[in-house]
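For reference, target-v5.txt is printed below; it contains compact mmCIF, C-alpha atoms.
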# COMPACT_ATOMS: atom_id res chain seq x y z
CA MET A 1 4.47 97.59 -45.81
CA LYS A 2 0.76 97.82 -44.96
CA PHE A 3 0.21 94.42 -46.67
CA LEU A 4 2.75 92.75 -44.40
CA PRO A 5 0.51 91.93 -41.36
CA PRO A 6 -2.20 90.21 -43.46
CA PHE A 7 0.50 88.37 -45.36
CA LEU A 8 2.12 87.22 -42.09
CA GLY A 9 -1.30 86.14 -40.80
CA PHE A 10 -1.84 84.11 -43.95
CA LEU A 11 1.59 82.51 -43.53
CA LEU A 12 0.88 81.61 -39.90
CA CYS A 13 -2.51 80.09 -40.82
CA PHE A 14 -0.85 78.12 -43.60
CA PHE A 15 1.87 76.90 -41.20
CA PHE A 16 -0.57 75.74 -38.51
CA ALA A 17 -2.86 74.14 -41.08
CA CYS A 18 0.11 72.17 -42.39
CA THR A 19 1.32 71.08 -38.96
CA GLU A 20 -2.04 70.14 -37.46
CA SER A 21 -1.89 66.81 -35.72
CA GLN A 22 -4.07 64.32 -33.89
CA THR A 23 -3.37 61.67 -31.28
CA ILE A 24 -4.51 58.06 -31.18
CA THR A 25 -3.71 55.18 -28.86
CA PHE A 26 -2.09 51.90 -29.82
CA GLN A 27 -2.24 48.96 -27.47
CA THR A 28 -0.13 45.85 -28.00
CA ALA A 29 -1.41 42.33 -27.76
CA PRO A 30 -0.28 40.55 -24.57
CA ILE A 31 3.47 39.91 -24.66
CA THR A 32 4.86 36.99 -22.69
CA LEU A 33 7.98 37.65 -20.62
CA VAL A 34 10.00 34.64 -19.49
CA ALA A 35 12.99 34.19 -17.20
CA SER A 36 14.26 30.64 -17.55
CA GLY A 37 14.70 28.79 -14.29
CA PRO A 38 16.25 27.81 -12.03
CA LEU A 39 16.26 31.37 -10.68
CA PHE A 40 17.98 32.70 -7.60
CA GLU A 41 17.11 35.26 -4.98
CA GLY A 42 18.02 38.72 -6.29
CA THR A 43 17.90 40.20 -9.75
CA ASN A 44 16.87 38.05 -12.74
CA THR A 45 16.26 38.87 -16.39
CA ALA A 46 12.99 38.10 -18.16
CA GLN A 47 12.62 38.69 -21.90
CA GLY A 48 9.93 38.80 -24.51
CA ASP A 49 9.58 40.24 -27.98
CA PHE A 50 6.86 41.38 -30.31
CA SER A 51 6.38 42.84 -33.76
CA PRO A 52 4.56 46.17 -33.50
CA HIS A 53 3.30 46.17 -37.14
CA ILE A 54 2.64 49.86 -36.59
CA ALA A 55 2.32 50.55 -40.33
CA ASP A 56 -0.50 48.00 -40.60
CA TYR A 57 -2.22 49.51 -37.56
CA LEU A 58 -2.06 53.00 -39.05
CA LYS A 59 -3.43 51.74 -42.37
CA GLN A 60 -6.34 50.11 -40.50
CA GLN A 61 -7.08 53.52 -39.00
CA GLY A 62 -7.10 55.04 -42.49
CA LEU A 63 -3.76 56.77 -41.89
CA ALA A 64 -0.57 56.73 -43.89
CA PRO A 65 2.36 54.99 -42.11
CA SER A 66 4.50 58.06 -42.86
CA SER A 67 2.09 60.22 -40.84
CA LEU A 68 3.51 58.98 -37.52
CA GLN A 69 5.21 62.03 -36.00
CA ASN A 70 5.88 60.99 -32.43
CA ALA A 71 5.04 58.30 -29.91
CA THR A 72 5.17 57.98 -26.14
CA LEU A 73 4.59 55.03 -23.89
CA GLN A 74 1.58 55.86 -21.73
CA LYS A 75 0.76 52.75 -19.72
CA VAL A 76 2.29 49.40 -18.87
CA PHE A 77 0.10 46.62 -17.48
CA LEU A 78 1.66 43.44 -16.16
CA THR A 79 -0.18 40.27 -15.22
CA LEU A 80 1.49 37.70 -12.98
CA PRO A 81 0.24 34.11 -13.01
CA ASP A 82 -1.93 33.12 -10.03
CA SER A 83 0.33 30.12 -9.50
CA LEU A 84 3.24 32.31 -8.31
CA PRO A 85 3.68 32.87 -4.58
CA SER A 86 2.00 36.20 -3.82
CA ASP A 87 5.06 37.87 -2.29
CA LEU A 88 7.79 36.45 -4.56
CA VAL A 89 8.70 39.63 -6.46
CA SER A 90 9.97 42.76 -4.72
CA GLU A 91 10.53 45.08 -7.72
CA ILE A 92 10.16 45.06 -11.50
CA THR A 93 11.91 47.38 -13.98
CA LEU A 94 11.02 47.26 -17.66
CA GLN A 95 13.20 48.22 -20.64
CA LEU A 96 12.55 48.40 -24.39
CA ALA A 97 15.15 47.83 -27.11
CA ALA A 98 15.57 46.81 -30.73
CA ASP A 99 18.46 45.97 -33.03
CA GLN A 100 18.72 49.54 -34.30
CA VAL A 101 17.51 51.36 -31.16
CA ASP A 102 19.36 51.45 -27.84
CA MET A 103 17.82 49.99 -24.72
CA GLN A 104 15.94 52.41 -22.49
CA LYS A 105 14.26 52.07 -19.14
CA VAL A 106 10.57 52.81 -19.54
CA ALA A 107 8.74 51.64 -16.43
CA VAL A 108 9.19 50.54 -12.83
CA LEU A 109 7.15 49.16 -9.96
CA ASN A 110 8.80 49.36 -6.54
CA PRO A 111 7.55 47.78 -4.39
CA VAL A 112 5.36 45.17 -6.06
CA PRO A 113 2.27 44.98 -3.82
CA ALA A 114 2.02 41.55 -2.19
CA GLY A 115 -0.91 39.44 -3.33
CA GLN A 116 -1.64 41.43 -6.49
CA THR A 117 -1.44 39.81 -9.91
CA GLN A 118 -2.70 42.76 -12.01
CA LEU A 119 0.00 45.41 -11.89
CA THR A 120 0.28 48.89 -13.38
CA LEU A 121 3.84 50.17 -13.63
CA SER A 122 4.98 53.79 -13.34
CA VAL A 123 6.09 55.01 -16.76
CA ALA A 124 9.23 57.10 -17.37
CA GLN A 125 8.72 60.80 -18.06
CA GLU A 126 11.86 60.96 -20.21
CA GLN A 127 11.46 58.80 -23.31
CA LYS A 128 13.50 58.70 -26.50
CA LYS A 129 12.91 57.34 -29.99
CA ILE A 130 9.71 55.47 -29.11
CA ALA A 131 8.39 56.08 -32.64
CA ASP A 132 11.61 54.55 -34.01
CA LEU A 133 11.12 51.52 -31.76
CA LEU A 134 7.57 51.03 -33.02
CA GLN A 135 8.80 51.07 -36.60
CA GLN A 136 11.21 48.17 -36.04
CA ASN A 137 10.29 44.67 -37.18
CA LYS A 138 10.88 43.37 -33.70
CA MET A 139 10.89 45.11 -30.34
CA LEU A 140 12.46 43.52 -27.29
CA LEU A 141 11.09 43.78 -23.75
CA VAL A 142 13.55 43.16 -20.94
CA ALA A 143 12.29 43.01 -17.37
CA ASP A 144 14.63 43.03 -14.39
CA VAL A 145 12.82 41.13 -11.72
CA ASN A 146 14.04 41.11 -8.14
CA LEU A 147 13.01 37.86 -6.48
CA LYS A 148 12.78 37.46 -2.71
CA LYS A 149 13.67 33.76 -2.85
CA ASP A 150 14.99 31.04 -5.17
CA MET A 151 12.65 29.53 -7.73
CA GLY A 152 13.13 26.21 -9.52
CA ALA A 153 10.77 26.81 -12.44
CA ASP A 154 10.57 29.55 -15.07
CA TRP A 155 9.17 32.95 -14.07
CA GLN A 156 6.51 34.27 -16.46
CA ALA A 157 4.39 37.36 -16.82
CA THR A 158 2.29 39.00 -19.50
CA ALA A 159 2.76 42.64 -20.47
CA VAL A 160 0.47 44.98 -22.39
CA LEU A 161 1.86 48.34 -23.51
CA GLU A 162 -0.23 51.35 -24.46
CA PHE A 163 1.31 54.04 -26.65
CA LEU A 164 0.05 57.50 -27.55
CA LEU A 165 0.77 58.21 -31.20
CA THR A 166 0.93 61.73 -32.62
CA ILE A 167 -0.22 61.71 -36.21
CA LYS A 168 0.41 64.40 -38.78
CA LYS A 169 -2.85 65.21 -40.55
CA MET B 1 29.59 23.60 -60.77
CA LYS B 2 33.04 24.84 -59.86
CA ASN B 3 31.59 28.29 -59.12
CA LEU B 4 28.89 26.76 -56.94
CA ILE B 5 31.48 24.88 -54.87
CA LEU B 6 33.55 28.05 -54.52
CA PHE B 7 30.46 30.01 -53.43
CA ALA B 8 29.49 27.33 -50.89
CA PHE B 9 33.03 27.30 -49.52
CA PHE B 10 33.08 31.11 -49.22
CA ALA B 11 29.65 31.17 -47.55
CA LEU B 12 30.71 28.49 -45.06
CA PHE B 13 34.00 30.25 -44.32
CA SER B 14 32.39 33.65 -43.78
CA GLY B 15 29.71 32.04 -41.58
CA ILE B 16 32.38 30.40 -39.43
CA SER B 17 34.27 33.70 -39.17
CA THR B 18 31.13 35.49 -37.96
CA LEU B 19 30.49 32.78 -35.38
CA ARG B 20 34.09 33.02 -34.18
CA ALA B 21 33.77 36.81 -33.79
CA GLN B 22 30.59 36.32 -31.75
CA ASP B 23 32.29 33.69 -29.59
CA ALA B 24 35.22 36.03 -28.97
CA GLY B 25 32.82 38.73 -27.87
CA ASP B 26 31.16 36.37 -25.42
CA LYS B 27 34.22 36.30 -23.18
CA LEU B 28 32.78 39.51 -21.71
CA ILE B 29 29.91 37.49 -20.24
CA GLY B 30 30.31 36.82 -16.53
CA LEU B 31 30.64 38.48 -13.15
CA TRP B 32 33.02 41.46 -12.78
CA GLU B 33 34.19 43.80 -10.05
CA PRO B 34 35.35 47.41 -10.67
CA SER B 35 38.54 48.62 -8.95
CA ASN B 36 36.64 50.32 -6.10
CA GLY B 37 35.06 46.99 -5.09
CA LYS B 38 31.76 48.69 -4.27
CA VAL B 39 29.64 46.64 -6.68
CA ARG B 40 29.68 43.50 -8.78
CA ILE B 41 28.36 43.57 -12.31
CA LYS B 42 26.88 40.65 -14.20
CA ILE B 43 27.41 41.06 -17.93
CA GLU B 44 24.99 39.21 -20.17
CA LYS B 45 24.20 39.13 -23.87
CA ILE B 46 20.78 40.12 -25.15
CA ALA B 47 20.16 40.02 -28.91
CA ASN B 48 23.85 40.39 -29.91
CA LYS B 49 24.55 43.30 -27.55
CA TYR B 50 26.14 43.18 -24.11
CA TYR B 51 24.58 44.60 -20.95
CA GLY B 52 25.85 44.75 -17.39
CA LYS B 53 23.74 45.01 -14.29
CA ILE B 54 24.56 45.43 -10.62
CA VAL B 55 23.94 42.17 -8.79
CA TRP B 56 25.79 42.89 -5.54
CA LEU B 57 26.54 46.04 -3.54
CA ARG B 58 29.01 46.22 -0.68
CA GLU B 59 26.58 48.61 1.04
CA PRO B 60 23.15 47.59 -0.27
CA ASN B 61 21.21 49.93 2.01
CA ASP B 62 21.11 53.71 2.08
CA PRO B 63 22.56 54.71 5.49
CA LYS B 64 20.04 57.55 5.79
CA THR B 65 16.94 55.40 5.31
CA ASP B 66 18.26 51.90 6.01
CA GLN B 67 16.31 50.85 2.91
CA PRO B 68 17.76 49.35 -0.31
CA LYS B 69 19.63 51.97 -2.36
CA LEU B 70 17.70 53.56 -5.20
CA ASP B 71 18.72 55.44 -8.34
CA LYS B 72 18.15 58.73 -6.53
CA ASN B 73 20.41 60.75 -8.87
CA ASN B 74 18.49 59.90 -12.05
CA SER B 75 17.68 63.04 -14.06
CA ASP B 76 14.22 61.57 -14.66
CA GLU B 77 12.45 61.93 -11.30
CA SER B 78 9.92 59.27 -12.25
CA MET B 79 12.70 56.67 -12.37
CA ARG B 80 14.28 57.45 -8.99
CA SER B 81 12.51 54.51 -7.35
CA VAL B 82 14.48 52.03 -9.48
CA PRO B 83 16.62 49.92 -7.12
CA LEU B 84 20.38 49.93 -7.69
CA LYS B 85 20.46 46.17 -7.18
CA GLY B 86 19.55 44.97 -10.66
CA TYR B 87 20.40 48.32 -12.30
CA ARG B 88 21.72 48.08 -15.88
CA MET B 89 24.74 50.39 -15.76
CA LEU B 90 26.35 49.04 -18.96
CA LYS B 91 24.15 49.11 -22.03
CA ASP B 92 24.27 48.32 -25.74
CA PHE B 93 27.92 47.27 -26.16
CA VAL B 94 28.71 45.68 -29.52
CA TYR B 95 31.78 43.53 -30.16
CA ALA B 96 33.93 44.46 -33.16
CA ASP B 97 37.66 44.42 -33.91
CA GLY B 98 38.70 43.05 -30.55
CA GLU B 99 36.78 45.49 -28.35
CA TRP B 100 33.28 46.28 -27.17
CA ASN B 101 32.06 49.65 -28.43
CA ASN B 102 29.07 51.93 -28.91
CA GLY B 103 27.78 51.33 -25.40
CA THR B 104 27.05 53.57 -22.44
CA ILE B 105 28.15 53.48 -18.81
CA TYR B 106 25.89 54.91 -16.12
CA ASP B 107 27.42 56.16 -12.88
CA PRO B 108 24.72 55.90 -10.20
CA GLU B 109 26.77 58.04 -7.80
CA SER B 110 26.52 61.08 -10.08
CA GLY B 111 23.57 60.21 -12.30
CA ASN B 112 25.77 60.79 -15.37
CA THR B 113 25.92 58.59 -18.45
CA TYR B 114 29.14 58.25 -20.44
CA SER B 115 30.06 56.71 -23.75
CA GLY B 116 32.11 53.57 -23.18
CA VAL B 117 34.63 51.24 -24.70
CA ILE B 118 35.77 47.97 -23.17
CA LYS B 119 39.01 46.12 -23.92
CA ALA B 120 40.05 42.76 -22.49
CA LYS B 121 43.63 42.78 -21.17
CA ASP B 122 43.30 39.05 -20.59
CA ASP B 123 40.46 36.60 -19.91
CA ASN B 124 40.02 37.93 -16.36
CA THR B 125 40.84 41.64 -16.67
CA LEU B 126 39.02 44.45 -18.48
CA ASP B 127 39.94 48.03 -19.22
CA LEU B 128 36.70 49.95 -19.18
CA ARG B 129 36.95 53.54 -20.44
CA GLY B 130 34.19 56.08 -19.94
CA TYR B 131 34.28 59.37 -21.81
CA VAL B 132 32.24 62.33 -22.98
CA GLY B 133 32.61 63.13 -26.65
CA VAL B 134 36.27 62.33 -27.26
CA LYS B 135 37.82 59.03 -26.15
CA ALA B 136 41.02 60.77 -25.12
CA LEU B 137 39.12 62.83 -22.53
CA GLY B 138 37.98 60.04 -20.28
CA ARG B 139 38.88 57.75 -17.43
CA THR B 140 39.79 54.08 -17.51
CA ASP B 141 38.96 51.64 -14.74
CA VAL B 142 40.25 48.09 -14.40
CA TRP B 143 37.68 45.40 -13.74
CA LYS B 144 38.50 41.91 -12.48
CA ARG B 145 36.49 38.79 -13.16
CA ILE B 146 34.88 37.17 -10.13
CA GLN B 147 35.12 33.40 -10.32
CA VAL B 148 31.74 31.82 -9.55
CA LYS B 149 32.16 28.57 -7.60

Would you mind writing the file out in structure tokens?
Amino acid sequence: MKFLPPFLGFLLCFFFACTESQTITFQTAPITLVASGPLFEGTNTAQGDFSPHIADYLKQQGLAPSSLQNATLQKVFLTLPDSLPSDLVSEITLQLAADQVDMQKVAVLNPVPAGQTQLTLSVAQEQKKIADLLQQNKMLLVADVNLKKDMGADWQATAVLEFLLTIKK
Amino acid sequence: MKNLILFAFFALFSGISTLRAQDAGDKLIGLWEPSNGKVRIKIEKIANKYYGKIVWLREPNDPKTDQPKLDKNNSDESMRSVPLKGYRMLKDFVYADGEWNNGTIYDPESGNTYSGVIKAKDDNTLDLRGYVGVKALGRTDVWKRIQVK
């Protein structure tokens, strides 16, 4: 019985040593979102897709692809073209999806400040299966864009997403 | 050679069947109104799944604030500033065997999300059933297509 506490201590050390983890950030290349015109006042859908290649990224960092434990979306940056009227968009909501992963709302900006082209969206606190999304061949970005007036041409924006990856050591 | 022709015929036939199934599913695309008439939902197809978002509200503004209604019942506080106009309340429906399945229905009035199945009674009428867990324990609403002039 007297050997039990040291044995338990050893077990706990072994457990924590095995489950030690680290975090790294992963930022996507700019992703183009397009809503094909003509567009009307009210809600419109803009889409874009990208291939995360998360396994390649982890290998570049000297990490095994299987070491990815968890991922969360940390930041969403959106750039609007200067050519757009400065007060055209009232709100933007961003969703992520993939063939094998259900769509989820991940960020919102309401209201969009007039005259600004560099936007930072508020990111959802509740996120699901982000690591699964990153492991898909193709991830889909869907932006719901509320326009204040009709627009004859396409609407475009560029998104950059920053993820925090938890890596099993 | 005979086998090759048979294979090509089979491949062509199965390809056509798949396309026909996709076309049949696309009859969900359009503008719909639930039985309460409070909102209108535009259903669109994104990457082989069907999604519906609110494009019109009978009462677009919150009477308390006189500002556009927001998703104030969302369990995630950080998403409560999402406007209801443009809100995707139907998500991830897949067409198979004559109905749209595996999707979810969000009720902005309660903040609850339900599993959903959609059946077309005819080209202009849908039975949309929301349920938790078991299909039998749910509620069905009838949606009518809005003709866009």

Using only C-alpha atoms, find each residue in chain B having at least one atom no more than 12 Å away from chain A; report its shortest atom-to-atom pair and that distance in Å (one decimal), rows by chain then rising number, as a tab-separated table.
residue	atom	partner	partner_atom	distance
B:Ile41	CA	A:Thr43	CA	11.3
B:Lys42	CA	A:Thr43	CA	10.0
B:Ile43	CA	A:Thr45	CA	11.5
B:Glu44	CA	A:Thr45	CA	9.5
B:Lys45	CA	A:Thr45	CA	10.9
B:Ile46	CA	A:Gln47	CA	8.9
B:Ala47	CA	A:Asp99	CA	7.4
B:Asn48	CA	A:Asp99	CA	8.4
B:Lys49	CA	A:Asp99	CA	8.6
B:Tyr50	CA	A:Met103	CA	10.8
B:Tyr51	CA	A:Met103	CA	9.4
B:Gly52	CA	A:Thr45	CA	11.3
B:Lys53	CA	A:Thr43	CA	8.8
B:Ile54	CA	A:Thr43	CA	8.5
B:Val55	CA	A:Thr43	CA	6.4
B:Trp56	CA	A:Gly42	CA	8.9
B:Leu57	CA	A:Gly42	CA	11.6
B:Pro60	CA	A:Gly42	CA	11.9
B:Gln67	CA	A:Pro111	CA	11.8
B:Pro68	CA	A:Asn110	CA	10.9
B:Lys69	CA	A:Asn110	CA	11.9
B:Leu70	CA	A:Asn110	CA	9.9
B:Asp71	CA	A:Val108	CA	11.6
B:Asn74	CA	A:Glu126	CA	10.6
B:Ser75	CA	A:Glu126	CA	8.7
B:Asp76	CA	A:Glu126	CA	6.1
B:Glu77	CA	A:Gln125	CA	7.8
B:Ser78	CA	A:Ala124	CA	5.6
B:Met79	CA	A:Ala124	CA	6.1
B:Arg80	CA	A:Val108	CA	9.4
B:Ser81	CA	A:Asn110	CA	6.4
B:Val82	CA	A:Val108	CA	6.4
B:Pro83	CA	A:Glu91	CA	7.8
B:Leu84	CA	A:Thr43	CA	10.3
B:Lys85	CA	A:Thr43	CA	7.0
B:Gly86	CA	A:Thr43	CA	5.1
B:Tyr87	CA	A:Asp144	CA	8.1
B:Arg88	CA	A:Asp144	CA	8.8
B:Met89	CA	A:Lys105	CA	11.1
B:Leu90	CA	A:Met103	CA	10.3
B:Lys91	CA	A:Met103	CA	6.9
B:Asp92	CA	A:Asp102	CA	6.2
B:Phe93	CA	A:Asp102	CA	9.7
B:Val94	CA	A:Asp99	CA	10.8
B:Asn102	CA	A:Asp102	CA	9.8
B:Gly103	CA	A:Asp102	CA	8.8
B:Thr104	CA	A:Asp102	CA	9.6

Inset, instruction - Fewer than 4 positions away in the same chain doesn't count, so skip those; otherwise give me all residues within 8 Å of Leu126 (chain B), counting all atoms listed in the file, as a PyMOL selection string. - result: chain B and resi 118-122+142-144

Just C-alpha atoms for this one: save the residues we selected as a compact mmCIF listing (two decimals), in the frame of the given file.
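See selection36.txt below for the written result:
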# COMPACT_ATOMS: atom_id res chain seq x y z
CA ILE B 118 35.77 47.97 -23.17
CA LYS B 119 39.01 46.12 -23.92
CA ALA B 120 40.05 42.76 -22.49
CA LYS B 121 43.63 42.78 -21.17
CA ASP B 122 43.30 39.05 -20.59
CA VAL B 142 40.25 48.09 -14.40
CA TRP B 143 37.68 45.40 -13.74
CA LYS B 144 38.50 41.91 -12.48

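In terms of minimum interatomic distance to Asn73 (chain B), B:Glu109 ranks closest within B:Asn61, B:Gly133, B:Ala96, B:Glu109, counting only C-alpha atoms.
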
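For the pair CA of Leu63 (chain A) and CA of Leu141 (chain A), the separation is 26.8 Å.
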
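Nearest-residue note for Ile167 (chain A): choosing from A:Pro30, A:Pro65, A:Pro85, A:Gly115, the minimum distance belongs to A:Pro65, counting all atoms listed in the file.
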
Inset, instruction - Using CA of Gly37 (chain B) and CA of Ser115 (chain B) as the two end points, give the distance in Å to one decimal. - result: 21.6 Å

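Note that the spacing between CA of Gln61 (chain A) and CA of Thr32 (chain A) amounts to 26.1 Å.
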
Mind completing region 92-112 of chain A with N, CA and C atoms? Output as a PDB file, in the frame of the given file, please?
ATOM      1  N   ILE A  92      10.068  45.365 -10.069  1.00  0.00           N
ATOM      2  CA  ILE A  92      10.160  45.060 -11.500  1.00  0.00           C
ATOM      3  C   ILE A  92      10.532  46.343 -12.250  1.00  0.00           C
ATOM      4  N   THR A  93      11.545  46.251 -13.107  1.00  0.00           N
ATOM      5  CA  THR A  93      11.910  47.380 -13.980  1.00  0.00           C
ATOM      6  C   THR A  93      11.813  46.885 -15.417  1.00  0.00           C
ATOM      7  N   LEU A  94      11.221  47.685 -16.279  1.00  0.00           N
ATOM      8  CA  LEU A  94      11.020  47.260 -17.660  1.00  0.00           C
ATOM      9  C   LEU A  94      11.788  48.141 -18.641  1.00  0.00           C
ATOM     10  N   GLN A  95      12.466  47.511 -19.592  1.00  0.00           N
ATOM     11  CA  GLN A  95      13.200  48.220 -20.640  1.00  0.00           C
ATOM     12  C   GLN A  95      12.711  47.803 -22.012  1.00  0.00           C
ATOM     13  N   LEU A  96      12.846  48.719 -22.987  1.00  0.00           N
ATOM     14  CA  LEU A  96      12.550  48.400 -24.390  1.00  0.00           C
ATOM     15  C   LEU A  96      13.820  48.560 -25.200  1.00  0.00           C
ATOM     16  N   ALA A  97      13.982  47.745 -26.231  1.00  0.00           N
ATOM     17  CA  ALA A  97      15.150  47.830 -27.110  1.00  0.00           C
ATOM     18  C   ALA A  97      14.798  47.214 -28.455  1.00  0.00           C
ATOM     19  N   ALA A  98      15.670  47.456 -29.422  1.00  0.00           N
ATOM     20  CA  ALA A  98      15.570  46.810 -30.730  1.00  0.00           C
ATOM     21  C   ALA A  98      16.967  46.797 -31.329  1.00  0.00           C
ATOM     22  N   ASP A  99      17.132  46.059 -32.403  1.00  0.00           N
ATOM     23  CA  ASP A  99      18.460  45.970 -33.030  1.00  0.00           C
ATOM     24  C   ASP A  99      19.049  47.344 -33.323  1.00  0.00           C
ATOM     25  N   GLN A 100      18.232  48.227 -33.856  1.00  0.00           N
ATOM     26  CA  GLN A 100      18.720  49.540 -34.300  1.00  0.00           C
ATOM     27  C   GLN A 100      18.433  50.662 -33.303  1.00  0.00           C
ATOM     28  N   VAL A 101      17.837  50.326 -32.153  1.00  0.00           N
ATOM     29  CA  VAL A 101      17.510  51.360 -31.160  1.00  0.00           C
ATOM     30  C   VAL A 101      18.033  50.905 -29.793  1.00  0.00           C
ATOM     31  N   ASP A 102      18.765  51.796 -29.128  1.00  0.00           N
ATOM     32  CA  ASP A 102      19.360  51.450 -27.840  1.00  0.00           C
ATOM     33  C   ASP A 102      18.303  51.162 -26.780  1.00  0.00           C
ATOM     34  N   MET A 103      18.731  50.351 -25.801  1.00  0.00           N
ATOM     35  CA  MET A 103      17.820  49.990 -24.720  1.00  0.00           C
ATOM     36  C   MET A 103      17.527  51.210 -23.860  1.00  0.00           C
ATOM     37  N   GLN A 104      16.277  51.344 -23.429  1.00  0.00           N
ATOM     38  CA  GLN A 104      15.940  52.410 -22.490  1.00  0.00           C
ATOM     39  C   GLN A 104      14.954  51.899 -21.453  1.00  0.00           C
ATOM     40  N   LYS A 105      15.136  52.442 -20.253  1.00  0.00           N
ATOM     41  CA  LYS A 105      14.260  52.070 -19.140  1.00  0.00           C
ATOM     42  C   LYS A 105      12.955  52.833 -19.306  1.00  0.00           C
ATOM     43  N   VAL A 106      11.835  52.127 -19.268  1.00  0.00           N
ATOM     44  CA  VAL A 106      10.570  52.810 -19.540  1.00  0.00           C
ATOM     45  C   VAL A 106       9.554  52.717 -18.406  1.00  0.00           C
ATOM     46  N   ALA A 107       9.750  51.763 -17.480  1.00  0.00           N
ATOM     47  CA  ALA A 107       8.740  51.640 -16.430  1.00  0.00           C
ATOM     48  C   ALA A 107       9.314  50.907 -15.219  1.00  0.00           C
ATOM     49  N   VAL A 108       8.724  51.182 -14.067  1.00  0.00           N
ATOM     50  CA  VAL A 108       9.190  50.540 -12.830  1.00  0.00           C
ATOM     51  C   VAL A 108       8.008  50.349 -11.885  1.00  0.00           C
ATOM     52  N   LEU A 109       8.100  49.322 -11.061  1.00  0.00           N
ATOM     53  CA  LEU A 109       7.150  49.160  -9.960  1.00  0.00           C
ATOM     54  C   LEU A 109       7.957  48.731  -8.739  1.00  0.00           C
ATOM     55  N   ASN A 110       8.033  49.621  -7.749  1.00  0.00           N
ATOM     56  CA  ASN A 110       8.800  49.360  -6.540  1.00  0.00           C
ATOM     57  C   ASN A 110       8.111  50.018  -5.359  1.00  0.00           C
ATOM     58  N   PRO A 111       7.558  49.240  -4.443  1.00  0.00           N
ATOM     59  CA  PRO A 111       7.550  47.780  -4.390  1.00  0.00           C
ATOM     60  C   PRO A 111       6.387  47.187  -5.169  1.00  0.00           C
ATOM     61  N   VAL A 112       6.495  45.887  -5.474  1.00  0.00           N
ATOM     62  CA  VAL A 112       5.360  45.170  -6.060  1.00  0.00           C
ATOM     63  C   VAL A 112       4.429  44.805  -4.894  1.00  0.00           C
TER      64      VAL A 112
END
